[in-house]
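Below is data16.cif, which holds mmCIF, C-alpha atoms.
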```
data_upload
#
loop_
_atom_site.group_PDB
_atom_site.id
_atom_site.type_symbol
_atom_site.label_atom_id
_atom_site.label_comp_id
_atom_site.auth_asym_id
_atom_site.auth_seq_id
_atom_site.Cartn_x
_atom_site.Cartn_y
_atom_site.Cartn_z
ATOM 1 C CA MET I 1 2.072 18.582 6.046
ATOM 2 C CA ALA I 2 3.210 20.914 8.794
ATOM 3 C CA ASP I 3 4.963 24.124 7.797
ATOM 4 C CA ILE I 4 7.591 22.864 5.370
ATOM 5 C CA ASN I 5 10.253 25.315 6.523
ATOM 6 C CA ALA I 6 9.745 24.290 10.162
ATOM 7 C CA VAL I 7 10.043 20.611 9.176
ATOM 8 C CA ALA I 8 13.249 21.356 7.242
ATOM 9 C CA LYS I 9 14.806 23.358 10.083
ATOM 10 C CA GLU I 10 13.970 20.701 12.665
ATOM 11 C CA PHE I 11 15.364 17.927 10.476
ATOM 12 C CA VAL I 12 18.570 19.806 9.600
ATOM 13 C CA THR I 13 19.218 20.697 13.241
ATOM 14 C CA TYR I 14 18.752 17.081 14.331
ATOM 15 C CA TYR I 15 20.777 15.625 11.438
ATOM 16 C CA TYR I 16 23.875 17.783 11.949
ATOM 17 C CA GLN I 17 23.809 17.577 15.761
ATOM 18 C CA THR I 18 23.714 13.787 15.401
ATOM 19 C CA PHE I 19 26.374 13.766 12.669
ATOM 20 C CA ASP I 20 28.692 15.904 14.810
ATOM 21 C CA SER I 21 28.236 13.867 18.005
ATOM 22 C CA ASP I 22 27.599 10.217 17.020
ATOM 23 C CA ARG I 23 27.497 9.405 13.304
ATOM 24 C CA LYS I 24 26.369 5.792 13.912
ATOM 25 C CA SER I 25 23.094 7.187 15.281
ATOM 26 C CA LEU I 26 22.135 8.394 11.790
ATOM 27 C CA LEU I 27 21.213 4.821 10.799
ATOM 28 C CA PRO I 28 17.463 5.103 11.615
ATOM 29 C CA LEU I 29 17.170 8.108 9.275
ATOM 30 C CA TYR I 30 17.955 5.942 6.229
ATOM 31 C CA ARG I 31 16.262 2.849 4.749
ATOM 32 C CA ASP I 32 17.331 0.105 2.357
ATOM 33 C CA VAL I 33 16.033 2.163 -0.605
ATOM 34 C CA SER I 34 17.947 5.296 0.478
ATOM 35 C CA MET I 35 20.757 6.583 -1.706
ATOM 36 C CA LEU I 36 23.755 8.753 -0.816
ATOM 37 C CA THR I 37 26.025 10.486 -3.303
ATOM 38 C CA TRP I 38 29.109 11.606 -1.381
ATOM 39 C CA GLU I 39 31.532 13.638 -3.480
ATOM 40 C CA GLY I 40 30.430 11.714 -6.578
ATOM 41 C CA THR I 41 30.444 8.220 -5.020
ATOM 42 C CA GLN I 42 27.001 6.577 -4.881
ATOM 43 C CA LEU I 43 25.926 4.205 -2.131
ATOM 44 C CA GLN I 44 22.564 2.574 -1.515
ATOM 45 C CA GLY I 45 21.043 1.180 1.673
ATOM 46 C CA ALA I 46 21.190 2.364 5.258
ATOM 47 C CA PRO I 47 24.092 0.118 6.369
ATOM 48 C CA ASN I 48 26.301 1.137 3.412
ATOM 49 C CA ILE I 49 25.509 4.820 3.854
ATOM 50 C CA VAL I 50 26.237 4.883 7.572
ATOM 51 C CA GLU I 51 29.389 2.793 7.087
ATOM 52 C CA LYS I 52 30.649 5.476 4.669
ATOM 53 C CA ILE I 53 29.749 8.327 7.033
ATOM 54 C CA VAL I 54 31.369 6.624 10.030
ATOM 55 C CA SER I 55 34.550 5.853 8.037
ATOM 56 C CA LEU I 56 35.222 9.488 7.082
ATOM 57 C CA PRO I 57 38.816 10.410 8.042
ATOM 58 C CA PHE I 58 38.321 12.864 10.888
ATOM 59 C CA GLN I 59 37.784 12.582 14.621
ATOM 60 C CA ARG I 60 35.872 15.814 15.256
ATOM 61 C CA ILE I 61 33.570 17.775 12.987
ATOM 62 C CA ALA I 62 31.262 20.734 13.421
ATOM 63 C CA HIS I 63 28.648 21.853 10.888
ATOM 64 C CA LYS I 64 27.654 25.499 10.772
ATOM 65 C CA VAL I 65 24.524 25.854 8.637
ATOM 66 C CA THR I 66 24.281 29.044 6.572
ATOM 67 C CA THR I 67 21.089 28.469 4.560
ATOM 68 C CA ILE I 68 18.184 26.022 4.457
ATOM 69 C CA ASP I 69 15.786 25.988 1.509
ATOM 70 C CA ALA I 70 12.840 23.594 1.315
ATOM 71 C CA GLN I 71 10.110 22.714 -1.165
ATOM 72 C CA PRO I 72 7.378 20.096 -1.383
ATOM 73 C CA SER I 73 8.728 17.233 -3.438
ATOM 74 C CA LEU I 74 6.654 14.425 -4.928
ATOM 75 C CA PRO I 75 2.967 14.914 -5.843
ATOM 76 C CA ASN I 76 0.538 12.750 -3.870
ATOM 77 C CA THR I 77 3.297 11.892 -1.387
ATOM 78 C CA ASN I 78 4.200 13.586 1.860
ATOM 79 C CA SER I 79 7.764 14.532 0.921
ATOM 80 C CA VAL I 80 10.142 17.465 1.013
ATOM 81 C CA ILE I 81 13.403 18.392 -0.669
ATOM 82 C CA ILE I 82 15.876 20.346 1.463
ATOM 83 C CA ASN I 83 19.015 22.126 0.277
ATOM 84 C CA VAL I 84 21.591 23.134 2.897
ATOM 85 C CA THR I 85 24.728 25.244 2.592
ATOM 86 C CA GLY I 86 27.253 25.868 5.319
ATOM 87 C CA GLN I 87 30.729 25.449 6.701
ATOM 88 C CA LEU I 88 32.578 22.452 8.156
ATOM 89 C CA MET I 89 35.321 22.515 10.751
ATOM 90 C CA PHE I 90 37.410 19.312 10.845
ATOM 91 C CA ASP I 91 39.610 18.303 13.779
ATOM 92 C CA ASP I 92 42.163 21.119 14.233
ATOM 93 C CA GLU I 93 41.943 22.596 10.728
ATOM 94 C CA PRO I 94 42.095 26.405 10.996
ATOM 95 C CA GLN I 95 40.002 27.146 7.882
ATOM 96 C CA PRO I 96 36.402 25.989 7.482
ATOM 97 C CA GLN I 97 35.362 24.240 4.276
ATOM 98 C CA GLN I 98 32.171 25.167 2.417
ATOM 99 C CA PHE I 99 29.605 22.457 1.738
ATOM 100 C CA THR I 100 26.261 21.871 0.070
ATOM 101 C CA GLN I 101 23.955 19.001 0.967
ATOM 102 C CA THR I 102 20.562 18.130 -0.484
ATOM 103 C CA PHE I 103 18.079 15.773 1.170
ATOM 104 C CA GLN I 104 14.818 14.350 -0.096
ATOM 105 C CA LEU I 105 12.676 13.201 2.823
ATOM 106 C CA VAL I 106 9.755 10.863 2.164
ATOM 107 C CA ASP I 107 7.042 9.927 4.647
ATOM 108 C CA HIS I 108 6.460 6.174 4.709
ATOM 109 C CA ASP I 109 5.624 5.138 8.270
ATOM 110 C CA GLY I 110 7.607 8.217 9.339
ATOM 111 C CA PHE I 111 9.978 10.440 7.411
ATOM 112 C CA PHE I 112 13.238 8.955 6.164
ATOM 113 C CA ILE I 113 16.049 10.172 3.914
ATOM 114 C CA PHE I 114 15.348 8.827 0.431
ATOM 115 C CA ASN I 115 18.091 10.839 -1.315
ATOM 116 C CA ASP I 116 21.166 12.543 0.145
ATOM 117 C CA ILE I 117 23.723 14.397 -1.996
ATOM 118 C CA PHE I 118 26.826 15.952 -0.416
ATOM 119 C CA ARG I 119 29.542 18.127 -1.989
ATOM 120 C CA LEU I 120 32.384 20.239 -0.674
ATOM 121 C CA ASN I 121 32.508 23.577 -2.497
ATOM 122 C CA TYR I 122 35.998 24.504 -3.594
ATOM 123 C CA ALA I 123 36.800 28.084 -4.579
#
```
With the file now loaded, output its structure as structure tokens.
Amino acid sequence: MADINAVAKEFVTYYYQTFDSDRKSLLPLYRDVSMLTWEGTQLQGAPNIVEKIVSLPFQRIAHKVTTIDAQPSLPNTNSVIINVTGQLMFDDEPQPQQFTQTFQLVDHDGFFIFNDIFRLNYA
């Protein structure tokens, strides 16, 4: 595997740029076996996951990544787990919200998001 931190940074940059500009375009990053836990709600399968992401109740969003941590994931499999923290700006909200998101990427004919867990962090 290439440098794991470089892979993580490249993925995170692409994911959030795509999320912020055209959420429907995230579909190819997920597969039918993918799972998303969004604020405690679990969804499985690329269409269900992207439907949830597209239906979120805001028009504009901007992610500002604060940290990216990555580790190799599954033995004997080209995979990586990535933990991201940062801030979100929604529409015209004056205060950013803190978030944490964890991805597990698995290489099976190209990397895809196997697991995705998202939480807002409330003080």
Next item on the list: Run the PyMOL selection byres ((chain I and resi 46) around 10) on the file and write out the hits as a PyMOL selection string.
Entry: chain I and resi 26-36+43-45+47-52+113-114
Notebook entry, point to check: Once you count all atoms listed in the file, which residues end up no further than 10 Å from (25.7, 24.8, 7.0) in the file's frame, shown as a ChimeraX atom specification?
Noted result: /I:12-13,16,62-68,83-88,98-101
Checklist line | Output check: residues returned by the PyMOL selection byres ((chain I and resi 21) around 12), as a list in words | finding: Tyr14, Tyr15, Tyr16, Gln17, Thr18, Phe19, Asp20, Asp22, Arg23, Lys24, Ser25, Leu26, Val54, Gln59, Arg60, Ile61, Ala62 and His63 of chain I
Check: Out of I:Pro57, I:Trp38, I:Ile82, I:Leu74, which residue has the shortest atom-to-atom distance to Lys9 of chain I when counting all atoms listed in the file?
Finding: I:Ile82
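Here atom CA of Phe103 of chain I and atom CA of Asp69 of chain I stand 10.5 Å from one another.
Straight-line separation from atom CA of Tyr122 of chain I to atom CA of Asn5 of chain I: 27.7 Å.
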Margin query: Report, in Å with one decimal, the straight-line distance from atom CA of Phe90 of chain I to atom CA of Phe11 of chain I.
Written below: 22.1 Å
What's around Gly110 of chain I at 10 Å? Count only C-alpha atoms, leave out sequence neighbours fewer than 4 positions away in its own chain, and write the answer as a PDB file with C-alpha atoms, keeping the file's coordinate frame.
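Final output, saved to result-v1.pdb:
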```pdb
ATOM      1  CA  LEU I  29      17.170   8.108   9.275  1.00  0.00           C
ATOM      2  CA  ASN I  78       4.200  13.586   1.860  1.00  0.00           C
ATOM      3  CA  LEU I 105      12.676  13.201   2.823  1.00  0.00           C
ATOM      4  CA  VAL I 106       9.755  10.863   2.164  1.00  0.00           C
TER       5      VAL I 106
END
```
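Using all atoms listed in the file for every distance, the candidate list I:Gln104, I:Thr37, I:Gln42, I:Asn121 yields I:Gln104 as the residue closest to Ser79 of chain I.
Of the residues under consideration (I:Gln71, I:Ser55, I:Thr41, I:Thr77), I:Gln71 shows the shortest atom-to-atom contact distance to Asp3 of chain I when counting all atoms listed in the file.
Restricting the calculation to only C-alpha atoms, the smallest distance between Ala70 of chain I and any of I:Ala6, I:Phe118, I:Ala123, I:Leu56 is found for I:Ala6.
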